[in-house]
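Here is my_file_11.pdb, consisting of PDB, N, CA and C atoms, pLDDT in the B column:
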MODEL        1
ATOM      1  N   MET A 153      -1.478  -2.111   7.273  1.00 94.00           N
ATOM      2  CA  MET A 153      -2.255  -3.333   7.274  1.00 94.00           C
ATOM      3  C   MET A 153      -3.729  -2.958   7.315  1.00 94.00           C
ATOM      4  N   MET A 154      -4.482  -3.579   6.470  1.00 96.00           N
ATOM      5  CA  MET A 154      -5.928  -3.339   6.465  1.00 96.00           C
ATOM      6  C   MET A 154      -6.524  -3.864   7.771  1.00 96.00           C
ATOM      7  N   LEU A 155      -7.427  -3.098   8.339  1.00 97.00           N
ATOM      8  CA  LEU A 155      -8.053  -3.452   9.614  1.00 97.00           C
ATOM      9  C   LEU A 155      -9.477  -3.953   9.448  1.00 97.00           C
ATOM     10  N   ILE A 156      -9.926  -4.050   8.222  1.00 97.00           N
ATOM     11  CA  ILE A 156     -11.268  -4.539   7.937  1.00 97.00           C
ATOM     12  C   ILE A 156     -11.172  -5.695   6.944  1.00 97.00           C
ATOM     13  N   ARG A 157     -12.204  -6.496   6.907  1.00 97.00           N
ATOM     14  CA  ARG A 157     -12.262  -7.543   5.886  1.00 97.00           C
ATOM     15  C   ARG A 157     -12.391  -6.853   4.529  1.00 97.00           C
ATOM     16  N   ASN A 158     -11.677  -7.375   3.543  1.00 97.00           N
ATOM     17  CA  ASN A 158     -11.658  -6.726   2.241  1.00 97.00           C
ATOM     18  C   ASN A 158     -11.367  -7.751   1.157  1.00 97.00           C
ATOM     19  N   TYR A 159     -11.506  -7.301  -0.080  1.00 97.00           N
ATOM     20  CA  TYR A 159     -11.191  -8.171  -1.210  1.00 97.00           C
ATOM     21  C   TYR A 159     -10.713  -7.310  -2.376  1.00 97.00           C
ATOM     22  N   VAL A 160     -10.021  -7.921  -3.304  1.00 96.00           N
ATOM     23  CA  VAL A 160      -9.540  -7.249  -4.498  1.00 96.00           C
ATOM     24  C   VAL A 160     -10.412  -7.682  -5.664  1.00 96.00           C
ATOM     25  N   ALA A 161     -10.830  -6.691  -6.467  1.00 96.00           N
ATOM     26  CA  ALA A 161     -11.682  -6.984  -7.623  1.00 96.00           C
ATOM     27  C   ALA A 161     -11.426  -5.926  -8.697  1.00 96.00           C
ATOM     28  N   ALA A 162     -12.002  -6.152  -9.866  1.00 94.00           N
ATOM     29  CA  ALA A 162     -11.883  -5.185 -10.959  1.00 94.00           C
ATOM     30  C   ALA A 162     -12.429  -3.833 -10.511  1.00 94.00           C
ATOM     31  N   SER A 163     -11.766  -2.769 -10.977  1.00 87.00           N
ATOM     32  CA  SER A 163     -12.161  -1.409 -10.613  1.00 87.00           C
ATOM     33  C   SER A 163     -12.342  -0.579 -11.872  1.00 87.00           C
ATOM     34  N   ASN A 164     -13.375   0.232 -11.888  1.00 85.00           N
ATOM     35  CA  ASN A 164     -13.590   1.137 -13.016  1.00 85.00           C
ATOM     36  C   ASN A 164     -12.579   2.284 -13.018  1.00 85.00           C
ATOM     37  N   ILE A 165     -11.919   2.496 -11.884  1.00 83.00           N
ATOM     38  CA  ILE A 165     -10.980   3.611 -11.760  1.00 83.00           C
ATOM     39  C   ILE A 165      -9.606   3.229 -12.309  1.00 83.00           C
ATOM     40  N   GLU A 166      -9.074   2.060 -11.900  1.00 79.00           N
ATOM     41  CA  GLU A 166      -7.700   1.698 -12.277  1.00 79.00           C
ATOM     42  C   GLU A 166      -7.500   0.195 -12.154  1.00 79.00           C
ATOM     43  N   GLY A 167      -7.826  -0.561 -13.169  1.00 85.00           N
ATOM     44  CA  GLY A 167      -7.516  -1.997 -13.191  1.00 85.00           C
ATOM     45  C   GLY A 167      -8.196  -2.794 -12.097  1.00 85.00           C
ATOM     46  N   VAL A 168      -7.531  -2.894 -10.944  1.00 90.00           N
ATOM     47  CA  VAL A 168      -8.106  -3.581  -9.794  1.00 90.00           C
ATOM     48  C   VAL A 168      -8.032  -2.649  -8.586  1.00 90.00           C
ATOM     49  N   GLY A 169      -8.869  -2.919  -7.623  1.00 91.00           N
ATOM     50  CA  GLY A 169      -8.873  -2.112  -6.403  1.00 91.00           C
ATOM     51  C   GLY A 169      -9.267  -2.960  -5.222  1.00 91.00           C
ATOM     52  N   VAL A 170      -9.098  -2.395  -4.039  1.00 94.00           N
ATOM     53  CA  VAL A 170      -9.496  -3.085  -2.820  1.00 94.00           C
ATOM     54  C   VAL A 170     -10.863  -2.538  -2.390  1.00 94.00           C
ATOM     55  N   PHE A 171     -11.723  -3.445  -1.980  1.00 95.00           N
ATOM     56  CA  PHE A 171     -13.092  -3.100  -1.605  1.00 95.00           C
ATOM     57  C   PHE A 171     -13.404  -3.658  -0.228  1.00 95.00           C
ATOM     58  N   ALA A 172     -14.199  -2.934   0.524  1.00 96.00           N
ATOM     59  CA  ALA A 172     -14.610  -3.383   1.855  1.00 96.00           C
ATOM     60  C   ALA A 172     -15.552  -4.573   1.728  1.00 96.00           C
ATOM     61  N   ALA A 173     -15.336  -5.569   2.566  1.00 97.00           N
ATOM     62  CA  ALA A 173     -16.201  -6.753   2.593  1.00 97.00           C
ATOM     63  C   ALA A 173     -17.098  -6.715   3.832  1.00 97.00           C
ATOM     64  N   GLU A 174     -17.153  -5.563   4.467  1.00 97.00           N
ATOM     65  CA  GLU A 174     -18.002  -5.362   5.639  1.00 97.00           C
ATOM     66  C   GLU A 174     -18.323  -3.877   5.716  1.00 97.00           C
ATOM     67  N   PRO A 175     -19.405  -3.521   6.392  1.00 97.00           N
ATOM     68  CA  PRO A 175     -19.745  -2.108   6.520  1.00 97.00           C
ATOM     69  C   PRO A 175     -18.645  -1.338   7.270  1.00 97.00           C
ATOM     70  N   ILE A 176     -18.435  -0.082   6.858  1.00 96.00           N
ATOM     71  CA  ILE A 176     -17.457   0.785   7.513  1.00 96.00           C
ATOM     72  C   ILE A 176     -18.213   1.962   8.116  1.00 96.00           C
ATOM     73  N   LYS A 177     -17.988   2.201   9.395  1.00 96.00           N
ATOM     74  CA  LYS A 177     -18.621   3.325  10.062  1.00 96.00           C
ATOM     75  C   LYS A 177     -17.850   4.603   9.773  1.00 96.00           C
ATOM     76  N   LYS A 178     -18.542   5.725   9.714  1.00 96.00           N
ATOM     77  CA  LYS A 178     -17.904   7.019   9.508  1.00 96.00           C
ATOM     78  C   LYS A 178     -16.821   7.222  10.559  1.00 96.00           C
ATOM     79  N   GLY A 179     -15.617   7.552  10.110  1.00 96.00           N
ATOM     80  CA  GLY A 179     -14.499   7.785  11.014  1.00 96.00           C
ATOM     81  C   GLY A 179     -13.761   6.536  11.463  1.00 96.00           C
ATOM     82  N   GLN A 180     -14.234   5.367  11.067  1.00 97.00           N
ATOM     83  CA  GLN A 180     -13.584   4.119  11.466  1.00 97.00           C
ATOM     84  C   GLN A 180     -12.217   3.996  10.820  1.00 97.00           C
ATOM     85  N   LYS A 181     -11.233   3.586  11.575  1.00 97.00           N
ATOM     86  CA  LYS A 181      -9.883   3.364  11.062  1.00 97.00           C
ATOM     87  C   LYS A 181      -9.903   2.088  10.225  1.00 97.00           C
ATOM     88  N   ILE A 182      -9.387   2.179   8.998  1.00 95.00           N
ATOM     89  CA  ILE A 182      -9.401   0.998   8.123  1.00 95.00           C
ATOM     90  C   ILE A 182      -7.999   0.487   7.830  1.00 95.00           C
ATOM     91  N   TRP A 183      -6.966   1.275   8.191  1.00 93.00           N
ATOM     92  CA  TRP A 183      -5.583   0.882   7.931  1.00 93.00           C
ATOM     93  C   TRP A 183      -4.695   1.450   9.013  1.00 93.00           C
ATOM     94  N   GLU A 184      -3.650   0.701   9.352  1.00 93.00           N
ATOM     95  CA  GLU A 184      -2.599   1.232  10.218  1.00 93.00           C
ATOM     96  C   GLU A 184      -1.291   0.552   9.847  1.00 93.00           C
ATOM     97  N   PHE A 185      -0.197   1.265  10.077  1.00 91.00           N
ATOM     98  CA  PHE A 185       1.116   0.710   9.789  1.00 91.00           C
ATOM     99  C   PHE A 185       1.378  -0.482  10.693  1.00 91.00           C
ATOM    100  N   ASN A 186       1.826  -1.587  10.092  1.00 94.00           N
ATOM    101  CA  ASN A 186       2.171  -2.790  10.833  1.00 94.00           C
ATOM    102  C   ASN A 186       3.449  -3.345  10.200  1.00 94.00           C
ATOM    103  N   PRO A 187       4.581  -3.307  10.927  1.00 92.00           N
ATOM    104  CA  PRO A 187       5.837  -3.750  10.332  1.00 92.00           C
ATOM    105  C   PRO A 187       5.841  -5.212   9.888  1.00 92.00           C
ATOM    106  N   LEU A 188       4.865  -5.987  10.328  1.00 92.00           N
ATOM    107  CA  LEU A 188       4.765  -7.372   9.868  1.00 92.00           C
ATOM    108  C   LEU A 188       4.379  -7.424   8.386  1.00 92.00           C
ATOM    109  N   LEU A 189       3.507  -6.515   7.946  1.00 91.00           N
ATOM    110  CA  LEU A 189       3.000  -6.549   6.574  1.00 91.00           C
ATOM    111  C   LEU A 189       3.299  -5.291   5.760  1.00 91.00           C
ATOM    112  N   ASP A 190       3.902  -4.295   6.349  1.00 94.00           N
ATOM    113  CA  ASP A 190       4.210  -3.051   5.651  1.00 94.00           C
ATOM    114  C   ASP A 190       5.715  -2.840   5.671  1.00 94.00           C
ATOM    115  N   GLN A 191       6.337  -2.926   4.521  1.00 95.00           N
ATOM    116  CA  GLN A 191       7.792  -2.829   4.419  1.00 95.00           C
ATOM    117  C   GLN A 191       8.195  -1.397   4.102  1.00 95.00           C
ATOM    118  N   VAL A 192       9.105  -0.847   4.906  1.00 95.00           N
ATOM    119  CA  VAL A 192       9.656   0.486   4.667  1.00 95.00           C
ATOM    120  C   VAL A 192      10.931   0.322   3.849  1.00 95.00           C
ATOM    121  N   ILE A 193      10.996   1.021   2.719  1.00 96.00           N
ATOM    122  CA  ILE A 193      12.125   0.892   1.799  1.00 96.00           C
ATOM    123  C   ILE A 193      12.752   2.263   1.589  1.00 96.00           C
ATOM    124  N   ASP A 194      14.058   2.332   1.717  1.00 96.00           N
ATOM    125  CA  ASP A 194      14.796   3.569   1.512  1.00 96.00           C
ATOM    126  C   ASP A 194      14.820   3.918   0.025  1.00 96.00           C
ATOM    127  N   ILE A 195      14.615   5.181  -0.300  1.00 96.00           N
ATOM    128  CA  ILE A 195      14.611   5.632  -1.697  1.00 96.00           C
ATOM    129  C   ILE A 195      15.930   5.298  -2.394  1.00 96.00           C
ATOM    130  N   GLU A 196      17.041   5.387  -1.682  1.00 95.00           N
ATOM    131  CA  GLU A 196      18.338   5.050  -2.275  1.00 95.00           C
ATOM    132  C   GLU A 196      18.379   3.591  -2.709  1.00 95.00           C
ATOM    133  N   THR A 197      17.769   2.719  -1.944  1.00 96.00           N
ATOM    134  CA  THR A 197      17.687   1.301  -2.312  1.00 96.00           C
ATOM    135  C   THR A 197      16.857   1.128  -3.573  1.00 96.00           C
ATOM    136  N   VAL A 198      15.773   1.867  -3.665  1.00 96.00           N
ATOM    137  CA  VAL A 198      14.913   1.804  -4.850  1.00 96.00           C
ATOM    138  C   VAL A 198      15.706   2.217  -6.086  1.00 96.00           C
ATOM    139  N   ASN A 199      16.466   3.293  -5.968  1.00 95.00           N
ATOM    140  CA  ASN A 199      17.216   3.820  -7.110  1.00 95.00           C
ATOM    141  C   ASN A 199      18.267   2.840  -7.632  1.00 95.00           C
ATOM    142  N   GLN A 200      18.669   1.881  -6.834  1.00 96.00           N
ATOM    143  CA  GLN A 200      19.684   0.903  -7.231  1.00 96.00           C
ATOM    144  C   GLN A 200      19.089  -0.343  -7.890  1.00 96.00           C
ATOM    145  N   GLN A 201      17.780  -0.417  -7.985  1.00 97.00           N
ATOM    146  CA  GLN A 201      17.128  -1.609  -8.516  1.00 97.00           C
ATOM    147  C   GLN A 201      16.985  -1.535 -10.030  1.00 97.00           C
ATOM    148  N   SER A 202      16.710  -2.687 -10.628  1.00 97.00           N
ATOM    149  CA  SER A 202      16.498  -2.754 -12.073  1.00 97.00           C
ATOM    150  C   SER A 202      15.183  -2.052 -12.435  1.00 97.00           C
ATOM    151  N   ASP A 203      15.018  -1.770 -13.723  1.00 97.00           N
ATOM    152  CA  ASP A 203      13.835  -1.046 -14.187  1.00 97.00           C
ATOM    153  C   ASP A 203      12.526  -1.722 -13.776  1.00 97.00           C
ATOM    154  N   HIS A 204      12.453  -3.049 -13.940  1.00 97.00           N
ATOM    155  CA  HIS A 204      11.179  -3.719 -13.647  1.00 97.00           C
ATOM    156  C   HIS A 204      10.860  -3.693 -12.154  1.00 97.00           C
ATOM    157  N   VAL A 205      11.865  -3.722 -11.304  1.00 97.00           N
ATOM    158  CA  VAL A 205      11.626  -3.620  -9.851  1.00 97.00           C
ATOM    159  C   VAL A 205      11.169  -2.207  -9.508  1.00 97.00           C
ATOM    160  N   ARG A 206      11.825  -1.198 -10.079  1.00 96.00           N
ATOM    161  CA  ARG A 206      11.411   0.190  -9.829  1.00 96.00           C
ATOM    162  C   ARG A 206       9.994   0.436 -10.333  1.00 96.00           C
ATOM    163  N   ASP A 207       9.637  -0.150 -11.469  1.00 96.00           N
ATOM    164  CA  ASP A 207       8.272  -0.014 -11.986  1.00 96.00           C
ATOM    165  C   ASP A 207       7.256  -0.609 -11.019  1.00 96.00           C
ATOM    166  N   PHE A 208       7.565  -1.801 -10.494  1.00 94.00           N
ATOM    167  CA  PHE A 208       6.674  -2.446  -9.519  1.00 94.00           C
ATOM    168  C   PHE A 208       6.513  -1.561  -8.284  1.00 94.00           C
ATOM    169  N   LEU A 209       7.637  -1.075  -7.753  1.00 95.00           N
ATOM    170  CA  LEU A 209       7.586  -0.247  -6.548  1.00 95.00           C
ATOM    171  C   LEU A 209       6.860   1.067  -6.800  1.00 95.00           C
ATOM    172  N   ALA A 210       7.031   1.647  -7.977  1.00 93.00           N
ATOM    173  CA  ALA A 210       6.329   2.891  -8.302  1.00 93.00           C
ATOM    174  C   ALA A 210       4.825   2.682  -8.340  1.00 93.00           C
ATOM    175  N   ARG A 211       4.412   1.510  -8.765  1.00 89.00           N
ATOM    176  CA  ARG A 211       2.970   1.231  -8.853  1.00 89.00           C
ATOM    177  C   ARG A 211       2.354   0.894  -7.502  1.00 89.00           C
ATOM    178  N   TYR A 212       3.068   0.144  -6.669  1.00 89.00           N
ATOM    179  CA  TYR A 212       2.451  -0.387  -5.455  1.00 89.00           C
ATOM    180  C   TYR A 212       2.924   0.257  -4.152  1.00 89.00           C
ATOM    181  N   CYS A 213       3.834   1.192  -4.213  1.00 92.00           N
ATOM    182  CA  CYS A 213       4.309   1.850  -2.998  1.00 92.00           C
ATOM    183  C   CYS A 213       3.810   3.285  -2.949  1.00 92.00           C
ATOM    184  N   TYR A 214       3.967   3.893  -1.800  1.00 90.00           N
ATOM    185  CA  TYR A 214       3.643   5.310  -1.657  1.00 90.00           C
ATOM    186  C   TYR A 214       4.611   5.932  -0.666  1.00 90.00           C
ATOM    187  N   GLU A 215       4.749   7.256  -0.765  1.00 90.00           N
ATOM    188  CA  GLU A 215       5.597   7.995   0.163  1.00 90.00           C
ATOM    189  C   GLU A 215       4.740   8.429   1.349  1.00 90.00           C
ATOM    190  N   PRO A 216       5.051   7.908   2.526  1.00 87.00           N
ATOM    191  CA  PRO A 216       4.251   8.259   3.700  1.00 87.00           C
ATOM    192  C   PRO A 216       4.558   9.677   4.170  1.00 87.00           C
ATOM    193  N   LYS A 217       3.565  10.308   4.782  1.00 86.00           N
ATOM    194  CA  LYS A 217       3.748  11.647   5.328  1.00 86.00           C
ATOM    195  C   LYS A 217       4.553  11.620   6.620  1.00 86.00           C
ATOM    196  N   PHE A 218       4.614  10.462   7.265  1.00 84.00           N
ATOM    197  CA  PHE A 218       5.258  10.378   8.576  1.00 84.00           C
ATOM    198  C   PHE A 218       6.723   9.942   8.525  1.00 84.00           C
ATOM    199  N   ILE A 219       7.269   9.664   7.318  1.00 87.00           N
ATOM    200  CA  ILE A 219       8.681   9.299   7.157  1.00 87.00           C
ATOM    201  C   ILE A 219       9.168   9.947   5.856  1.00 87.00           C
ATOM    202  N   THR A 220      10.332  10.596   5.876  1.00 91.00           N
ATOM    203  CA  THR A 220      10.869  11.175   4.642  1.00 91.00           C
ATOM    204  C   THR A 220      11.985  10.283   4.093  1.00 91.00           C
ATOM    205  N   GLY A 221      12.136  10.310   2.764  1.00 95.00           N
ATOM    206  CA  GLY A 221      13.188   9.536   2.111  1.00 95.00           C
ATOM    207  C   GLY A 221      12.916   8.052   2.052  1.00 95.00           C
ATOM    208  N   LYS A 222      11.687   7.669   2.309  1.00 96.00           N
ATOM    209  CA  LYS A 222      11.304   6.247   2.327  1.00 96.00           C
ATOM    210  C   LYS A 222      10.009   6.070   1.543  1.00 96.00           C
ATOM    211  N   ILE A 223       9.754   4.851   1.150  1.00 95.00           N
ATOM    212  CA  ILE A 223       8.458   4.467   0.604  1.00 95.00           C
ATOM    213  C   ILE A 223       7.963   3.259   1.396  1.00 95.00           C
ATOM    214  N   ILE A 224       6.677   3.011   1.310  1.00 94.00           N
ATOM    215  CA  ILE A 224       6.095   1.857   1.996  1.00 94.00           C
ATOM    216  C   ILE A 224       5.458   0.930   0.971  1.00 94.00           C
ATOM    217  N   LEU A 225       5.789  -0.341   1.077  1.00 95.00           N
ATOM    218  CA  LEU A 225       5.165  -1.391   0.284  1.00 95.00           C
ATOM    219  C   LEU A 225       4.281  -2.197   1.226  1.00 95.00           C
ATOM    220  N   GLU A 226       2.994  -2.154   0.969  1.00 93.00           N
ATOM    221  CA  GLU A 226       2.063  -2.938   1.773  1.00 93.00           C
ATOM    222  C   GLU A 226       1.970  -4.330   1.164  1.00 93.00           C
ATOM    223  N   CYS A 227       2.110  -5.342   1.981  1.00 92.00           N
ATOM    224  CA  CYS A 227       2.099  -6.721   1.490  1.00 92.00           C
ATOM    225  C   CYS A 227       0.728  -7.373   1.578  1.00 92.00           C
ATOM    226  N   ASP A 228      -0.262  -6.620   2.074  1.00 94.00           N
ATOM    227  CA  ASP A 228      -1.627  -7.135   2.057  1.00 94.00           C
ATOM    228  C   ASP A 228      -2.406  -6.377   0.977  1.00 94.00           C
ATOM    229  N   ASN A 229      -3.707  -6.498   0.967  1.00 94.00           N
ATOM    230  CA  ASN A 229      -4.514  -5.861  -0.077  1.00 94.00           C
ATOM    231  C   ASN A 229      -4.490  -4.339  -0.021  1.00 94.00           C
ATOM    232  N   GLY A 230      -3.945  -3.764   1.018  1.00 91.00           N
ATOM    233  CA  GLY A 230      -3.832  -2.322   1.115  1.00 91.00           C
ATOM    234  C   GLY A 230      -3.061  -1.717  -0.058  1.00 91.00           C
ATOM    235  N   ARG A 231      -2.210  -2.488  -0.678  1.00 90.00           N
ATOM    236  CA  ARG A 231      -1.429  -1.950  -1.811  1.00 90.00           C
ATOM    237  C   ARG A 231      -2.315  -1.622  -3.006  1.00 90.00           C
ATOM    238  N   PHE A 232      -3.546  -2.103  -3.016  1.00 89.00           N
ATOM    239  CA  PHE A 232      -4.466  -1.797  -4.099  1.00 89.00           C
ATOM    240  C   PHE A 232      -5.347  -0.591  -3.794  1.00 89.00           C
ATOM    241  N   MET A 233      -5.126   0.047  -2.648  1.00 86.00           N
ATOM    242  CA  MET A 233      -5.904   1.219  -2.260  1.00 86.00           C
ATOM    243  C   MET A 233      -5.367   2.444  -3.009  1.00 86.00           C
ATOM    244  N   ASN A 234      -6.231   3.367  -3.309  1.00 74.00           N
ATOM    245  CA  ASN A 234      -5.809   4.621  -3.946  1.00 74.00           C
ATOM    246  C   ASN A 234      -5.182   5.486  -2.867  1.00 74.00           C
ATOM    247  N   HIS A 235      -3.859   5.683  -2.942  1.00 60.00           N
ATOM    248  CA  HIS A 235      -3.152   6.434  -1.909  1.00 60.00           C
ATOM    249  C   HIS A 235      -3.079   7.915  -2.192  1.00 60.00           C
ATOM    250  N   SER A 236      -3.639   8.353  -3.295  1.00 56.00           N
ATOM    251  CA  SER A 236      -3.621   9.780  -3.583  1.00 56.00           C
ATOM    252  C   SER A 236      -4.721  10.413  -2.798  1.00 56.00           C
TER     253      SER A 236
ENDMDL
END
Encoded form using structure tokens:
Amino acid sequence: MMLIRNYVAASNIEGVGVFAAEPIKKGQKIWEFNPLLDQVIDIETVNQQSDHVRDFLARYCYEPKFITGKIILECDNGRFMNHS
């Protein structure tokens, strides 16, 4: 879940992106896992979905370093953040 005010807009890097709507201090935490808005999905479940669902999940999910065999789908604007 994003911890700062933000907005989604056109990005020169990749279609659309999330941008800070307030100043961010060096070292400030801008995101944290929140089960209310961040869905953990098992890779096996992903593999059973139709092509268009897998395409959506491939674009908007990421593999977290703190859980193996799972992906996370952020339901807030965090899904537009560059997770690489």
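Against the coordinates shown, the PyMOL selection byres (((chain A and resi 221 and name CA) around 9) and name CA) returns Ile193, Asp194, Ile195, Glu196, Glu215, Ile219, Thr220, Lys222 and Ile223 of chain A.
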Report summary line: Here atom C of Val170 (chain A) and atom N of Leu188 (chain A) stand apart by 20.5 Å
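When you apply the PyMOL selection byres ((chain A and resi 153-156) around 7) to this structure, what comes back is Arg157, Asn158, Ala172, Ala173, Glu174, Lys181, Ile182, Trp183, Glu184, Phe185, Asn186, Leu189, Asp190, Glu226, Asp228, Asn229 and Gly230 of chain A.
Inside chain A, the residues DSSP reads as strand (DSSP E) when given the backbone are A:Asn158, A:Tyr159, A:Val160, A:Ala161, A:Ala162, A:Val168, A:Gly169, A:Val170, A:Phe171, A:Ala172, A:Asp190, A:Gln191, A:Val192, A:Ile193, A:Asp194, A:Cys213, A:Tyr214, A:Lys222, A:Ile223, A:Ile224, A:Leu225, A:Glu226.
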Requested in this report: Apply DSSP to the backbone of this structure and, from chain A, keep only the residues in helix (DSSP H, G or I); write these as an MDAnalysis selection string.
Outcome: chainID A and resid 195:199 203:212 229:232
Pull N, CA and C atoms from the residues just selected and write them as a CSV table (one decimal), keeping the file's coordinate frame.
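And here's selection-v1.csv as it stands now:
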chain,number,residue,atom,x,y,z
A,195,ILE,N,14.6,5.2,-0.3
A,195,ILE,CA,14.6,5.6,-1.7
A,195,ILE,C,15.9,5.3,-2.4
A,196,GLU,N,17.0,5.4,-1.7
A,196,GLU,CA,18.3,5.0,-2.3
A,196,GLU,C,18.4,3.6,-2.7
A,197,THR,N,17.8,2.7,-1.9
A,197,THR,CA,17.7,1.3,-2.3
A,197,THR,C,16.9,1.1,-3.6
A,198,VAL,N,15.8,1.9,-3.7
A,198,VAL,CA,14.9,1.8,-4.8
A,198,VAL,C,15.7,2.2,-6.1
A,199,ASN,N,16.5,3.3,-6.0
A,199,ASN,CA,17.2,3.8,-7.1
A,199,ASN,C,18.3,2.8,-7.6
A,203,ASP,N,15.0,-1.8,-13.7
A,203,ASP,CA,13.8,-1.0,-14.2
A,203,ASP,C,12.5,-1.7,-13.8
A,204,HIS,N,12.5,-3.0,-13.9
A,204,HIS,CA,11.2,-3.7,-13.6
A,204,HIS,C,10.9,-3.7,-12.2
A,205,VAL,N,11.9,-3.7,-11.3
A,205,VAL,CA,11.6,-3.6,-9.9
A,205,VAL,C,11.2,-2.2,-9.5
A,206,ARG,N,11.8,-1.2,-10.1
A,206,ARG,CA,11.4,0.2,-9.8
A,206,ARG,C,10.0,0.4,-10.3
A,207,ASP,N,9.6,-0.2,-11.5
A,207,ASP,CA,8.3,0.0,-12.0
A,207,ASP,C,7.3,-0.6,-11.0
A,208,PHE,N,7.6,-1.8,-10.5
A,208,PHE,CA,6.7,-2.4,-9.5
A,208,PHE,C,6.5,-1.6,-8.3
A,209,LEU,N,7.6,-1.1,-7.8
A,209,LEU,CA,7.6,-0.2,-6.5
A,209,LEU,C,6.9,1.1,-6.8
A,210,ALA,N,7.0,1.6,-8.0
A,210,ALA,CA,6.3,2.9,-8.3
A,210,ALA,C,4.8,2.7,-8.3
A,211,ARG,N,4.4,1.5,-8.8
A,211,ARG,CA,3.0,1.2,-8.9
A,211,ARG,C,2.4,0.9,-7.5
A,212,TYR,N,3.1,0.1,-6.7
A,212,TYR,CA,2.5,-0.4,-5.5
A,212,TYR,C,2.9,0.3,-4.2
A,229,ASN,N,-3.7,-6.5,1.0
A,229,ASN,CA,-4.5,-5.9,-0.1
A,229,ASN,C,-4.5,-4.3,0.0
A,230,GLY,N,-3.9,-3.8,1.0
A,230,GLY,CA,-3.8,-2.3,1.1
A,230,GLY,C,-3.1,-1.7,-0.1
A,231,ARG,N,-2.2,-2.5,-0.7
A,231,ARG,CA,-1.4,-2.0,-1.8
A,231,ARG,C,-2.3,-1.6,-3.0
A,232,PHE,N,-3.5,-2.1,-3.0
A,232,PHE,CA,-4.5,-1.8,-4.1
A,232,PHE,C,-5.3,-0.6,-3.8
Requested in this report: Measuring atom to atom with only C-alpha atoms, identify which of A:Arg231, A:Gln180, A:Ser163, A:Phe171 is nearest to Ala210 (chain A).
Outcome: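 With only C-alpha atoms as the atom set, the closest residue is A:Arg231.
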Requested in this report: Enter the distance from atom N of Tyr214 (chain A) to atom N of Gly167 (chain A), in Å, rounded to one decimal.
Outcome: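 Going from atom N of Tyr214 (chain A) over to atom N of Gly167 (chain A) covers 17.0 Å.
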Going by the chain IDs and residue numbers used in this file, which residues fall under the PyMOL selection byres (((chain A and resi 191 and name CA) around 6) and name CA)? Write them as a PDB file with N, CA and C atoms, keeping the file's coordinate frame.
ATOM      1  N   ASP A 190       3.902  -4.295   6.349  1.00 94.00           N
ATOM      2  CA  ASP A 190       4.210  -3.051   5.651  1.00 94.00           C
ATOM      3  C   ASP A 190       5.715  -2.840   5.671  1.00 94.00           C
ATOM      4  N   VAL A 192       9.105  -0.847   4.906  1.00 95.00           N
ATOM      5  CA  VAL A 192       9.656   0.486   4.667  1.00 95.00           C
ATOM      6  C   VAL A 192      10.931   0.322   3.849  1.00 95.00           C
ATOM      7  N   ILE A 224       6.677   3.011   1.310  1.00 94.00           N
ATOM      8  CA  ILE A 224       6.095   1.857   1.996  1.00 94.00           C
ATOM      9  C   ILE A 224       5.458   0.930   0.971  1.00 94.00           C
ATOM     10  N   LEU A 225       5.789  -0.341   1.077  1.00 95.00           N
ATOM     11  CA  LEU A 225       5.165  -1.391   0.284  1.00 95.00           C
ATOM     12  C   LEU A 225       4.281  -2.197   1.226  1.00 95.00           C
TER      13      LEU A 225
END
Query raised in the report: Which residue gives the smallest distance to Asn234 (chain A) among A:Val205, A:Val198, A:Val168, A:Ile176, with only C-alpha atoms counted?
Result: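 Ranked by minimum distance to Asn234 (chain A), first place goes to A:Val168.
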Query raised in the report: In Å, how far is it from atom N of Arg211 (chain A) to CA of Ile165 (chain A)?
Result: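 So the two atoms, atom N of Arg211 (chain A) and CA of Ile165 (chain A), lie 15.8 Å apart.
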First collect every listed atom of region 216-232 of chain A; then fit an axis-aligned box around them, widen it by 6 Å on each side, and give centre and edge lengths in Å to one decimal, as AutoDock Vina command-line options.
--center_x 3.9 --center_y 2.1 --center_z 2.2 --size_x 30.5 --size_y 31.0 --size_z 24.7
Reconstructed N, CA, C and O atoms for region 162-168 of chain A, given as a PDB file, keeping the file's coordinate frame:
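Ended up saving to part_6.pdb:
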ATOM      1  N   ALA A 162     -12.002  -6.152  -9.866  1.00 94.00           N
ATOM      2  CA  ALA A 162     -11.883  -5.185 -10.959  1.00 94.00           C
ATOM      3  C   ALA A 162     -12.429  -3.833 -10.511  1.00 94.00           C
ATOM      4  O   ALA A 162     -13.407  -3.758  -9.765  1.00 94.00           O
ATOM      5  N   SER A 163     -11.766  -2.769 -10.977  1.00 87.00           N
ATOM      6  CA  SER A 163     -12.161  -1.409 -10.613  1.00 87.00           C
ATOM      7  C   SER A 163     -12.342  -0.579 -11.872  1.00 87.00           C
ATOM      8  O   SER A 163     -11.535  -0.670 -12.800  1.00 87.00           O
ATOM      9  N   ASN A 164     -13.375   0.232 -11.888  1.00 85.00           N
ATOM     10  CA  ASN A 164     -13.590   1.137 -13.016  1.00 85.00           C
ATOM     11  C   ASN A 164     -12.579   2.284 -13.018  1.00 85.00           C
ATOM     12  O   ASN A 164     -12.406   2.960 -14.017  1.00 85.00           O
ATOM     13  N   ILE A 165     -11.919   2.496 -11.884  1.00 83.00           N
ATOM     14  CA  ILE A 165     -10.980   3.611 -11.760  1.00 83.00           C
ATOM     15  C   ILE A 165      -9.606   3.229 -12.309  1.00 83.00           C
ATOM     16  O   ILE A 165      -9.007   3.960 -13.079  1.00 83.00           O
ATOM     17  N   GLU A 166      -9.074   2.060 -11.900  1.00 79.00           N
ATOM     18  CA  GLU A 166      -7.700   1.698 -12.277  1.00 79.00           C
ATOM     19  C   GLU A 166      -7.500   0.195 -12.154  1.00 79.00           C
ATOM     20  O   GLU A 166      -7.060  -0.291 -11.122  1.00 79.00           O
ATOM     21  N   GLY A 167      -7.826  -0.561 -13.169  1.00 85.00           N
ATOM     22  CA  GLY A 167      -7.516  -1.997 -13.191  1.00 85.00           C
ATOM     23  C   GLY A 167      -8.196  -2.794 -12.097  1.00 85.00           C
ATOM     24  O   GLY A 167      -9.285  -3.310 -12.278  1.00 85.00           O
ATOM     25  N   VAL A 168      -7.531  -2.894 -10.944  1.00 90.00           N
ATOM     26  CA  VAL A 168      -8.106  -3.581  -9.794  1.00 90.00           C
ATOM     27  C   VAL A 168      -8.032  -2.649  -8.586  1.00 90.00           C
ATOM     28  O   VAL A 168      -7.222  -1.723  -8.551  1.00 90.00           O
TER      29      VAL A 168
END
